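Enquirer: Contents are mmCIF, C-alpha atoms; file name my_file.cif:
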data_my_file
#
loop_
_atom_site.label_atom_id
_atom_site.label_comp_id
_atom_site.auth_asym_id
_atom_site.auth_seq_id
_atom_site.Cartn_x
_atom_site.Cartn_y
_atom_site.Cartn_z
CA MET Z 1 90.56 121.03 89.11
CA ASP Z 2 88.76 118.34 87.13
CA LYS Z 3 89.22 114.83 88.48
CA LEU Z 4 89.72 111.79 86.25
CA PRO Z 5 88.67 108.30 87.43
CA TYR Z 6 91.69 106.03 87.81
CA ARG Z 7 90.68 103.60 85.06
CA GLU Z 8 90.21 106.50 82.66
CA PHE Z 9 93.60 107.90 83.61
CA ILE Z 10 95.29 104.55 82.98
CA ALA Z 11 93.50 104.10 79.64
CA MET Z 12 94.46 107.61 78.62
CA MET Z 13 98.10 107.01 79.56
CA GLN Z 14 98.22 103.76 77.59
CA GLU Z 15 96.89 105.41 74.46
CA ARG Z 16 98.91 108.61 74.70
CA THR Z 17 102.16 106.77 75.36
CA ARG Z 18 101.37 104.45 72.44
CA GLU Z 19 100.87 107.45 70.16
CA ALA Z 20 104.12 108.99 71.43
CA ASP Z 21 106.14 105.71 71.26
CA VAL Z 22 106.94 105.87 74.97
CA PRO Z 23 107.78 102.54 76.74
CA TYR Z 24 105.07 102.95 79.38
CA SER Z 25 104.86 99.29 80.50
CA GLY Z 26 107.71 96.79 80.89
CA SER Z 27 107.75 93.04 81.50
CA PHE Z 28 110.90 91.51 82.94
CA GLU Z 29 111.39 87.74 82.62
CA LEU Z 30 113.91 87.34 85.42
CA THR Z 31 114.64 83.63 84.93
CA PRO Z 32 113.65 80.61 82.82
CA LEU Z 33 114.11 78.38 85.87
CA CYS Z 34 111.26 77.26 88.09
CA ASN Z 35 110.49 75.14 91.15
CA LEU Z 36 107.70 73.44 89.15
CA ASP Z 37 107.90 71.61 85.83
CA CYS Z 38 104.63 72.50 84.11
CA LYS Z 39 104.30 70.39 80.99
CA MET Z 40 102.80 73.23 78.92
CA CYS Z 41 105.21 76.01 79.93
CA TYR Z 42 106.61 77.88 76.95
CA VAL Z 43 109.75 79.17 78.69
CA HIS Z 44 110.86 76.86 81.54
CA LEU Z 45 114.31 75.34 81.03
CA GLN Z 46 115.65 72.47 83.12
CA ASP Z 47 119.35 72.92 82.41
CA PRO Z 48 120.79 74.44 85.62
CA SER Z 49 123.75 75.86 83.65
CA VAL Z 50 121.50 78.65 82.35
CA ARG Z 51 121.76 80.13 85.83
CA HIS Z 52 125.22 81.38 84.81
CA ARG Z 53 123.75 83.08 81.71
CA MET Z 54 120.93 84.84 83.53
CA LEU Z 55 121.14 88.57 84.10
CA THR Z 56 122.36 89.57 87.53
CA GLY Z 57 120.41 91.79 89.86
CA GLU Z 58 122.71 94.69 88.99
CA GLN Z 59 122.06 94.21 85.26
CA TRP Z 60 118.29 94.07 85.75
CA ILE Z 61 118.34 97.18 87.92
CA SER Z 62 120.44 99.03 85.34
CA LEU Z 63 117.97 98.16 82.56
CA ILE Z 64 115.02 99.10 84.78
CA GLN Z 65 116.53 102.50 85.55
CA GLN Z 66 117.16 103.12 81.85
CA ALA Z 67 113.54 102.14 81.11
CA ILE Z 68 112.31 104.54 83.81
CA ASP Z 69 114.43 107.29 82.25
CA GLU Z 70 112.65 106.61 78.94
CA GLY Z 71 109.20 106.84 80.54
CA MET Z 72 108.33 103.43 82.02
CA MET Z 73 105.60 103.79 84.66
CA LYS Z 74 104.41 100.19 85.13
CA ALA Z 75 106.23 96.86 85.49
CA LEU Z 76 105.70 93.11 85.57
CA LEU Z 77 108.13 90.59 87.08
CA THR Z 78 107.79 87.06 85.74
CA GLY Z 79 109.72 83.93 84.81
CA GLY Z 80 109.95 80.87 85.01
CA GLU Z 81 109.32 81.57 88.65
CA ALA Z 82 110.39 85.18 89.20
CA MET Z 83 110.78 84.74 92.96
CA THR Z 84 113.51 82.12 92.49
CA HIS Z 85 115.89 84.72 91.05
CA PRO Z 86 118.60 85.34 93.66
CA ALA Z 87 118.10 89.12 93.42
CA PHE Z 88 114.29 89.10 93.22
CA TRP Z 89 113.73 91.23 96.32
CA ASP Z 90 116.43 93.72 95.32
CA ILE Z 91 114.82 94.13 91.90
CA TYR Z 92 111.31 94.33 93.33
CA MET Z 93 112.23 96.90 95.96
CA TYR Z 94 114.08 99.02 93.40
CA LEU Z 95 110.86 99.29 91.40
CA ILE Z 96 108.74 100.01 94.48
CA ASN Z 97 111.18 102.62 95.81
CA HIS Z 98 111.05 104.37 92.43
CA GLY Z 99 107.26 104.54 92.52
CA ILE Z 100 106.63 101.97 89.78
CA PRO Z 101 103.37 99.99 90.21
CA THR Z 102 104.58 96.41 89.91
CA CYS Z 103 102.75 93.17 89.21
CA VAL Z 104 104.41 89.89 90.22
CA LYS Z 105 103.52 86.62 88.50
CA THR Z 106 104.18 83.60 90.71
CA ASN Z 107 103.17 79.98 91.18
CA GLY Z 108 102.68 80.70 94.88
CA ILE Z 109 105.20 78.23 96.27
CA LEU Z 110 107.47 80.92 97.72
CA LEU Z 111 104.59 83.01 99.11
CA GLY Z 112 105.25 81.96 102.67
CA GLU Z 113 104.72 84.11 105.76
CA ASN Z 114 107.96 86.07 105.30
CA ALA Z 115 107.19 86.91 101.68
CA ILE Z 116 103.61 87.86 102.49
CA SER Z 117 104.85 90.11 105.28
CA ARG Z 118 107.25 91.89 102.91
CA PHE Z 119 104.56 92.29 100.27
CA LYS Z 120 102.17 93.64 102.90
CA ASN Z 121 104.72 96.28 103.92
CA TYR Z 122 105.59 97.11 100.31
CA PRO Z 123 102.50 96.10 98.31
CA PRO Z 124 102.66 95.12 94.67
CA TYR Z 125 100.14 96.57 92.28
CA LYS Z 126 98.93 92.97 91.95
CA LEU Z 127 99.99 89.39 92.59
CA ASP Z 128 99.07 87.00 89.78
CA ILE Z 129 99.08 83.54 91.39
CA SER Z 130 98.84 80.52 89.10
CA LEU Z 131 96.64 77.62 90.20
CA TYR Z 132 97.40 74.36 88.40
CA GLY Z 133 95.20 71.85 90.17
CA CYS Z 134 92.46 71.13 92.67
CA ASP Z 135 94.21 68.33 94.58
CA SER Z 136 97.53 66.54 94.80
CA GLU Z 137 96.83 64.26 91.86
CA SER Z 138 96.06 67.08 89.45
CA TYR Z 139 99.04 69.14 90.59
CA VAL Z 140 101.42 66.26 89.90
CA ALA Z 141 99.79 65.60 86.52
CA VAL Z 142 100.24 69.21 85.38
CA THR Z 143 103.38 70.39 87.18
CA GLY Z 144 105.23 67.22 88.19
CA VAL Z 145 105.20 68.42 91.82
CA ASP Z 146 102.68 67.91 94.62
CA ALA Z 147 102.45 71.57 95.63
CA TYR Z 148 98.67 71.71 96.08
CA GLU Z 149 98.41 72.14 99.85
CA GLN Z 150 101.27 74.62 99.94
CA VAL Z 151 99.91 76.82 97.15
CA VAL Z 152 96.36 76.89 98.54
CA ARG Z 153 97.68 77.78 102.00
CA HIS Z 154 99.74 80.62 100.52
CA ILE Z 155 96.82 81.98 98.49
CA ARG Z 156 94.78 82.13 101.69
CA LEU Z 157 97.63 83.94 103.46
CA ALA Z 158 97.73 86.52 100.65
CA VAL Z 159 93.96 87.01 100.80
CA GLU Z 160 94.02 87.38 104.60
CA ALA Z 161 96.83 89.93 104.29
CA GLY Z 162 94.62 92.09 102.09
CA LEU Z 163 96.92 91.92 99.07
CA LYS Z 164 95.44 92.54 95.64
CA ILE Z 165 95.64 89.17 93.93
CA GLN Z 166 94.33 87.47 90.84
CA ILE Z 167 94.18 83.70 90.41
CA MET Z 168 95.44 82.52 87.03
CA VAL Z 169 94.19 79.24 85.52
CA THR Z 170 95.79 77.83 82.37
CA PRO Z 171 93.75 74.94 80.95
CA SER Z 172 95.65 72.33 78.95
CA SER Z 173 95.21 68.69 78.02
CA TYR Z 174 97.06 67.74 81.21
CA MET Z 175 94.50 69.60 83.32
CA SER Z 176 91.49 68.35 81.34
CA PRO Z 177 90.14 65.81 83.88
CA TRP Z 178 90.02 68.51 86.57
CA THR Z 179 89.58 71.86 84.74
CA GLU Z 180 86.07 72.58 86.00
CA ARG Z 181 87.08 71.80 89.58
CA VAL Z 182 90.18 74.01 89.28
CA ILE Z 183 88.04 76.93 88.06
CA ALA Z 184 85.59 76.34 90.93
CA LEU Z 185 88.46 76.30 93.45
CA ALA Z 186 89.87 79.52 91.99
CA GLY Z 187 86.49 81.19 92.34
CA SER Z 188 86.16 80.08 95.96
CA PHE Z 189 88.88 82.48 97.16
CA GLY Z 190 86.65 85.47 96.47
CA VAL Z 191 89.18 87.30 94.29
CA SER Z 192 89.52 88.03 90.58
CA VAL Z 193 90.08 84.95 88.38
CA MET Z 194 91.64 84.90 84.92
CA VAL Z 195 91.21 81.76 82.79
CA ASN Z 196 93.78 81.98 80.02
CA GLY Z 197 92.16 81.67 76.62
CA SER Z 198 95.08 80.42 74.56
CA LEU Z 199 98.28 78.46 74.93
CA ILE Z 200 101.65 79.69 73.65
CA ASP Z 201 104.04 77.75 71.43
CA PRO Z 202 106.98 76.73 73.63
CA HIS Z 203 110.42 78.06 72.79
CA GLU Z 204 112.43 75.53 70.81
CA ASN Z 205 115.05 75.07 73.55
CA THR Z 206 112.40 73.82 76.01
CA GLY Z 207 111.90 70.58 74.09
CA ARG Z 208 108.11 70.94 74.43
CA LYS Z 209 105.53 70.94 71.64
CA LYS Z 210 102.18 72.69 71.75
CA ALA Z 211 100.52 69.71 70.05
CA ASP Z 212 101.28 67.63 73.16
CA PHE Z 213 99.23 69.81 75.51
CA ASP Z 214 96.87 71.80 73.28
CA LEU Z 215 93.09 71.62 73.66
CA SER Z 216 90.64 70.57 71.00
CA LEU Z 217 88.10 73.10 69.77
CA GLU Z 218 85.37 71.25 71.68
CA GLU Z 219 87.36 71.34 74.92
CA ASP Z 220 88.20 75.00 74.43
CA MET Z 221 84.57 76.00 73.85
CA SER Z 222 83.40 73.88 76.79
CA ILE Z 223 85.85 75.62 79.13
CA LYS Z 224 84.75 79.05 77.96
CA GLU Z 225 81.11 78.11 78.61
CA LYS Z 226 81.92 76.77 82.08
CA LYS Z 227 83.88 79.93 82.85
CA ARG Z 228 80.86 82.08 81.95
CA GLU Z 229 78.63 79.93 84.17
CA MET Z 230 80.95 79.75 87.16
CA LEU Z 231 82.73 83.12 87.32
CA PRO Z 232 81.64 86.75 87.18
CA PRO Z 233 82.98 88.58 84.12
CA LEU Z 234 86.25 90.44 84.58
CA TYR Z 235 84.79 93.38 82.67
CA ASP Z 236 81.19 94.44 82.28
CA ALA Z 237 79.60 95.91 79.16
CA ALA Z 238 80.35 99.47 80.26
CA ASP Z 239 84.03 98.64 80.75
CA HIS Z 240 84.24 97.06 77.30
CA GLU Z 241 82.55 100.03 75.64
CA PHE Z 242 84.83 102.44 77.48
CA PHE Z 243 88.06 100.73 76.46
CA MET Z 244 86.93 100.28 72.86
CA LYS Z 245 86.24 104.01 72.63
CA ARG Z 246 89.70 104.72 73.99
CA ARG Z 247 91.27 102.49 71.34
CA ASN Z 248 90.52 104.73 68.40
CA ARG Z 249 92.65 102.67 66.03
CA PRO Z 250 92.02 101.32 62.54
CA MET Z 251 90.85 97.71 62.60
CA LEU Z 252 93.32 96.82 59.88
CA SER Z 253 96.19 98.70 58.26
CA ASP Z 254 98.92 97.88 55.75
CA LYS Z 255 101.62 98.63 58.27
CA GLY Z 256 101.79 98.44 62.02
CA LEU Z 257 100.47 95.99 64.59
CA TYR Z 258 97.23 96.68 66.44
CA CYS Z 259 98.10 96.09 70.08
CA SER Z 260 100.43 98.06 72.35
CA ALA Z 261 103.32 95.57 72.27
CA GLY Z 262 106.33 97.43 70.96
CA ARG Z 263 104.36 100.69 70.92
CA SER Z 264 103.93 101.45 74.62
CA GLY Z 265 104.89 98.06 76.03
CA PHE Z 266 108.04 95.96 75.94
CA ALA Z 267 109.54 92.83 77.43
CA VAL Z 268 113.07 91.83 78.36
CA ASN Z 269 113.68 88.08 78.29
CA TRP Z 270 115.87 86.25 80.80
CA ASP Z 271 118.90 86.42 78.50
CA GLY Z 272 118.63 90.18 77.97
CA ALA Z 273 116.81 90.35 74.63
CA LEU Z 274 114.25 93.17 74.29
CA LEU Z 275 111.04 92.21 72.48
CA PRO Z 276 107.58 93.75 71.99
CA CYS Z 277 106.15 91.11 74.39
CA LEU Z 278 107.45 88.02 76.16
CA ALA Z 279 106.49 85.45 73.51
CA PHE Z 280 107.13 87.59 70.42
CA PRO Z 281 109.17 85.87 67.65
CA ARG Z 282 112.72 87.16 67.69
CA ASP Z 283 113.11 87.01 63.91
CA VAL Z 284 110.42 89.71 63.60
CA ALA Z 285 111.57 92.23 66.22
CA CYS Z 286 114.41 91.91 68.72
CA SER Z 287 117.14 94.14 70.13
CA TYR Z 288 119.86 94.02 72.78
CA PRO Z 289 119.78 96.73 75.48
CA LEU Z 290 122.79 95.38 77.37
CA ARG Z 291 124.90 95.91 74.27
CA ASP Z 292 123.34 99.05 72.78
CA GLY Z 293 121.59 100.69 75.70
CA PHE Z 294 117.87 100.63 76.44
CA SER Z 295 117.01 103.76 74.45
CA GLN Z 296 118.49 102.44 71.19
CA ALA Z 297 117.05 98.95 71.75
CA TRP Z 298 113.56 100.34 72.36
CA HIS Z 299 113.77 102.51 69.24
CA GLU Z 300 114.70 99.49 67.09
CA VAL Z 301 111.81 97.36 68.35
CA ASN Z 302 109.35 100.25 68.18
CA GLU Z 303 110.25 100.95 64.55
CA ALA Z 304 109.99 97.27 63.61
CA VAL Z 305 106.48 97.04 65.07
CA LYS Z 306 105.27 100.30 63.53
CA ASN Z 307 106.54 99.27 60.10
CA TYR Z 308 105.53 95.62 60.20
CA GLU Z 309 103.66 94.74 57.01
CA VAL Z 310 100.42 92.97 57.88
CA PRO Z 311 99.85 89.89 55.67
CA GLN Z 312 97.76 90.61 52.58
CA ALA Z 313 95.52 87.64 53.43
CA CYS Z 314 94.21 89.58 56.45
CA HIS Z 315 92.67 92.28 54.26
CA SER Z 316 90.19 89.92 52.61
CA CYS Z 317 89.64 87.69 55.64
CA GLU Z 318 86.11 87.31 56.99
CA LEU Z 319 87.44 87.99 60.50
CA ASN Z 320 89.35 91.18 59.75
CA ASP Z 321 87.01 93.17 62.01
CA LYS Z 322 87.55 90.76 64.94
CA CYS Z 323 91.00 89.24 64.65
CA HIS Z 324 94.03 91.51 64.85
CA TYR Z 325 97.13 89.88 63.37
CA CYS Z 326 99.65 88.94 66.02
CA PRO Z 327 103.06 87.47 65.06
CA MET Z 328 103.00 85.49 68.32
CA HIS Z 329 100.24 83.26 66.89
CA HIS Z 330 102.00 82.88 63.55
CA GLN Z 331 105.52 82.22 64.85
CA LYS Z 332 106.84 80.09 61.97
CA VAL Z 333 105.83 82.45 59.16
CA ALA Z 334 105.53 85.87 60.80
CA ALA Z 335 108.96 86.98 59.56
CA LYS Z 336 107.70 86.31 56.02
CA HIS Z 337 104.59 88.44 56.70
CA GLN Z 338 102.34 85.43 56.24
CA CYS Z 339 99.52 83.77 58.16
CA ASP Z 340 99.69 80.34 59.75
CA THR Z 341 96.68 78.77 58.04
CA ASP Z 342 96.26 76.20 60.81
CA PHE Z 343 95.80 78.96 63.38
CA CYS Z 344 93.51 80.94 61.08
CA ASN Z 345 91.31 77.92 60.46
CA TYR Z 346 91.16 77.16 64.16
CA LEU Z 347 90.17 80.75 64.95
CA LYS Z 348 87.45 80.74 62.28
CA ALA Z 349 86.05 77.51 63.69
CA ARG Z 350 86.12 78.97 67.21
CA TYR Z 351 84.19 82.08 66.15
CA LYS Z 352 81.61 79.98 64.32
CA ALA Z 353 81.19 77.72 67.35
CA ALA Z 354 80.79 80.78 69.58
CA GLU Z 355 78.10 82.19 67.28
CA LYS Z 356 76.09 78.95 67.59
CA THR Z 357 76.07 79.18 71.38
CA LYS Z 358 74.65 82.73 71.46
#
Using structure tokens, write down the structure from this file.

Expert:
Amino acid sequence: MDKLPYREFIAMMQERTREADVPYSGSFELTPLCNLDCKMCYVHLQDPSVRHRMLTGEQWISLIQQAIDEGMMKALLTGGEAMTHPAFWDIYMYLINHGIPTCVKTNGILLGENAISRFKNYPPYKLDISLYGCDSESYVAVTGVDAYEQVVRHIRLAVEAGLKIQIMVTPSSYMSPWTERVIALAGSFGVSVMVNGSLIDPHENTGRKKADFDLSLEEDMSIKEKKREMLPPLYDAADHEFFMKRRNRPMLSDKGLYCSAGRSGFAVNWDGALLPCLAFPRDVACSYPLRDGFSQAWHEVNEAVKNYEVPQACHSCELNDKCHYCPMHHQKVAAKHQCDTDFCNYLKARYKAAEKTK
């Protein structure tokens, strides 16, 4: 029997399920609540009354089982802080016991010895641990909480336990005085590091505005350069070539979005809405699996994404072989099938700046 390397198997599954409209990968935003108050978070709500509107463990498990029945083979648990959900361990163990490779996104505060022990016995596919500072001062500036010592201690516990982890760094204006030191600290743990390349517009009910924490083009380019200097690449040239060959898709089409969101991937927000991805604008594609069942909800979102009319401006754009239109970056006008010119101009400037540094 011919053997297929794991990465090739995963890439093949992603493409084949996309072609077949199978919900291969699901993200579950268990709660908008968090034990930190990051000033750039797009989802965190501070009103404790939302706890009574969150899905229960039984509701999450019901949706997860329906998703598995439809073909889901990979899951992500996130928030807010996913581990603060009262039924987190019930939900997590349901996925593990059903053979679903599961990634958990966490800020690390609840990764104490008991949690690490449970994860060691029932390992996640990956733990994505966010790192928001390099000392107490920076942690308070970004998150409002002095959690530095606790988070670093818990990261070390996870590393010592042999868990597969990735450190996540999200640069913002609040982190600016310390960003290089945060990246250096992340790299010191000897595990994979992901430096997020863009910030997401906060949901309206958070009361936050992207303009308050966004980075200038100069800051953004400087961080990318520092990342290249300080960290090994997540993917080498061979990896990039391999995945590009697997994605045998048109660079631009009249209808249909390029990525796998809504094609082989989906997200369920904390209030039970099913979207192509966690930050996708609801006025473009949204359905309600608690009301209509997962199968019908997935079909509605899948059809909306496949039939989405890409803005005409994209067809004559100088970046149409590099930039794939994403409604998430054009939130205010995506439902009108238009481009946010501010974002387009920023992206053009970023590409030009990147060309000058080559």

Enquirer: When the PyMOL selection byres ((chain Z and resi 216-232) around 12) is applied to the structure above, which residues does it catch, written out as a ChimeraX atom specification?

Expert: /Z:167,169-173,175-199,210-215,233-236,343,345-358

Enquirer: What's around Pro202 (chain Z) at 9 Å? Count all atoms listed in the file, leave out sequence neighbours fewer than 5 positions away in its own chain, and write the answer as a list in words.

Expert: Met40, Cys41, Tyr42, Val43, His44, Gly207, Arg208, Lys209, Lys210 and Ala279 of chain Z

Enquirer: By how many Å are CA of Tyr258 (chain Z) and CA of Tyr325 (chain Z) apart?

Expert: 7.5 Å

Enquirer: For the provided coordinates, the residues matched by the PyMOL selection byres ((chain Z and resi 108) around 12) should be stated as a PyMOL selection string.

Expert: chain Z and resi 34-36+81-84+104-107+109-113+115-116+127-132+147-158+165-168

Enquirer: Could you check which of Z:Glu58, Z:Asp146, Z:Asp69, Z:Asp47 is closest to Pro23 (chain Z), using all atoms listed in the file?

Expert: Z:Asp69

Enquirer: Could you jot down the CA of Trp298 (chain Z) to CA of Pro86 (chain Z) separation for me, Å, one decimal place?

Expert: 26.5 Å

Enquirer: Which value, in Å to one decimal, gives the distance between CA of Gln312 (chain Z) and CA of Ser260 (chain Z)?

Expert: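 CA of Ser260 (chain Z) lies 21.3 Å from CA of Gln312 (chain Z).
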
Enquirer: Counting all atoms listed in the file, figure out which residue out of Z:Gly265, Z:Gly293, Z:Pro32, Z:Pro276 gets nearest to His85 (chain Z).

Expert: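 Once distances to His85 (chain Z) are computed over all atoms listed in the file, the minimum belongs to Z:Pro32.
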
Enquirer: Between Z:Cys259, Z:Ile61, Z:Ala267, Z:Ala75, which residue has the minimum interatomic distance to Glu19 (chain Z), considering only C-alpha atoms?

Expert: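 Selected residue with least distance to Glu19 (chain Z): Z:Cys259.
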
Enquirer: Out of Z:Val159, Z:Met93, Z:Ala313, Z:Ile10, which residue has the shortest atom-to-atom distance to Met73 (chain Z) when counting only C-alpha atoms?

Expert: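 Of Z:Val159, Z:Met93, Z:Ala313, Z:Ile10, the one nearest Met73 (chain Z) is Z:Ile10, counting only C-alpha atoms.
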
Enquirer: Write region 16-38 of chain Z as a PDB file, keeping the file's coordinate frame, completed to N, CA and C atoms.

Expert:
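Final output, selection.pdb:
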ATOM      1  N   ARG Z  16      98.023 107.477  75.013  1.00  0.00           N
ATOM      2  CA  ARG Z  16      98.910 108.610  74.700  1.00  0.00           C
ATOM      3  C   ARG Z  16     100.363 108.180  74.594  1.00  0.00           C
ATOM      4  N   THR Z  17     100.784 107.251  75.459  1.00  0.00           N
ATOM      5  CA  THR Z  17     102.160 106.770  75.360  1.00  0.00           C
ATOM      6  C   THR Z  17     102.349 105.928  74.105  1.00  0.00           C
ATOM      7  N   ARG Z  18     101.307 105.213  73.696  1.00  0.00           N
ATOM      8  CA  ARG Z  18     101.370 104.450  72.440  1.00  0.00           C
ATOM      9  C   ARG Z  18     101.553 105.394  71.263  1.00  0.00           C
ATOM     10  N   GLU Z  19     100.774 106.466  71.244  1.00  0.00           N
ATOM     11  CA  GLU Z  19     100.870 107.450  70.160  1.00  0.00           C
ATOM     12  C   GLU Z  19     102.239 108.124  70.137  1.00  0.00           C
ATOM     13  N   ALA Z  20     102.837 108.285  71.321  1.00  0.00           N
ATOM     14  CA  ALA Z  20     104.120 108.990  71.430  1.00  0.00           C
ATOM     15  C   ALA Z  20     105.312 108.045  71.424  1.00  0.00           C
ATOM     16  N   ASP Z  21     105.066 106.720  71.285  1.00  0.00           N
ATOM     17  CA  ASP Z  21     106.140 105.710  71.260  1.00  0.00           C
ATOM     18  C   ASP Z  21     106.970 105.727  72.540  1.00  0.00           C
ATOM     19  N   VAL Z  22     106.282 105.867  73.661  1.00  0.00           N
ATOM     20  CA  VAL Z  22     106.940 105.870  74.970  1.00  0.00           C
ATOM     21  C   VAL Z  22     106.782 104.482  75.607  1.00  0.00           C
ATOM     22  N   PRO Z  23     107.860 103.879  76.119  1.00  0.00           N
ATOM     23  CA  PRO Z  23     107.780 102.540  76.740  1.00  0.00           C
ATOM     24  C   PRO Z  23     107.134 102.602  78.130  1.00  0.00           C
ATOM     25  N   TYR Z  24     105.842 102.748  78.153  1.00  0.00           N
ATOM     26  CA  TYR Z  24     105.070 102.950  79.380  1.00  0.00           C
ATOM     27  C   TYR Z  24     105.094 101.728  80.300  1.00  0.00           C
ATOM     28  N   SER Z  25     105.027 100.521  79.713  1.00  0.00           N
ATOM     29  CA  SER Z  25     104.860  99.290  80.500  1.00  0.00           C
ATOM     30  C   SER Z  25     105.926  98.272  80.129  1.00  0.00           C
ATOM     31  N   GLY Z  26     106.634  97.748  81.138  1.00  0.00           N
ATOM     32  CA  GLY Z  26     107.710  96.790  80.890  1.00  0.00           C
ATOM     33  C   GLY Z  26     107.516  95.478  81.616  1.00  0.00           C
ATOM     34  N   SER Z  27     107.776  94.381  80.902  1.00  0.00           N
ATOM     35  CA  SER Z  27     107.750  93.040  81.500  1.00  0.00           C
ATOM     36  C   SER Z  27     109.177  92.516  81.573  1.00  0.00           C
ATOM     37  N   PHE Z  28     109.541  91.969  82.728  1.00  0.00           N
ATOM     38  CA  PHE Z  28     110.900  91.510  82.940  1.00  0.00           C
ATOM     39  C   PHE Z  28     110.878  90.027  83.330  1.00  0.00           C
ATOM     40  N   GLU Z  29     111.357  89.199  82.414  1.00  0.00           N
ATOM     41  CA  GLU Z  29     111.390  87.740  82.620  1.00  0.00           C
ATOM     42  C   GLU Z  29     112.706  87.410  83.328  1.00  0.00           C
ATOM     43  N   LEU Z  30     112.672  87.389  84.647  1.00  0.00           N
ATOM     44  CA  LEU Z  30     113.910  87.340  85.420  1.00  0.00           C
ATOM     45  C   LEU Z  30     114.673  86.039  85.246  1.00  0.00           C
ATOM     46  N   THR Z  31     113.977  84.940  85.000  1.00  0.00           N
ATOM     47  CA  THR Z  31     114.640  83.630  84.930  1.00  0.00           C
ATOM     48  C   THR Z  31     113.774  82.634  84.147  1.00  0.00           C
ATOM     49  N   PRO Z  32     114.412  81.680  83.447  1.00  0.00           N
ATOM     50  CA  PRO Z  32     113.650  80.610  82.820  1.00  0.00           C
ATOM     51  C   PRO Z  32     113.538  79.390  83.736  1.00  0.00           C
ATOM     52  N   LEU Z  33     114.123  79.494  84.917  1.00  0.00           N
ATOM     53  CA  LEU Z  33     114.110  78.380  85.870  1.00  0.00           C
ATOM     54  C   LEU Z  33     112.876  78.468  86.758  1.00  0.00           C
ATOM     55  N   CYS Z  34     112.488  77.316  87.305  1.00  0.00           N
ATOM     56  CA  CYS Z  34     111.260  77.260  88.090  1.00  0.00           C
ATOM     57  C   CYS Z  34     111.325  76.110  89.081  1.00  0.00           C
ATOM     58  N   ASN Z  35     110.571  76.227  90.172  1.00  0.00           N
ATOM     59  CA  ASN Z  35     110.490  75.140  91.150  1.00  0.00           C
ATOM     60  C   ASN Z  35     109.337  74.187  90.837  1.00  0.00           C
ATOM     61  N   LEU Z  36     108.654  74.399  89.708  1.00  0.00           N
ATOM     62  CA  LEU Z  36     107.700  73.440  89.150  1.00  0.00           C
ATOM     63  C   LEU Z  36     108.182  73.029  87.770  1.00  0.00           C
ATOM     64  N   ASP Z  37     107.551  72.033  87.192  1.00  0.00           N
ATOM     65  CA  ASP Z  37     107.900  71.610  85.830  1.00  0.00           C
ATOM     66  C   ASP Z  37     106.609  71.443  85.024  1.00  0.00           C
ATOM     67  N   CYS Z  38     105.902  72.549  84.827  1.00  0.00           N
ATOM     68  CA  CYS Z  38     104.630  72.500  84.110  1.00  0.00           C
ATOM     69  C   CYS Z  38     104.847  72.030  82.674  1.00  0.00           C
TER      70      CYS Z  38
END
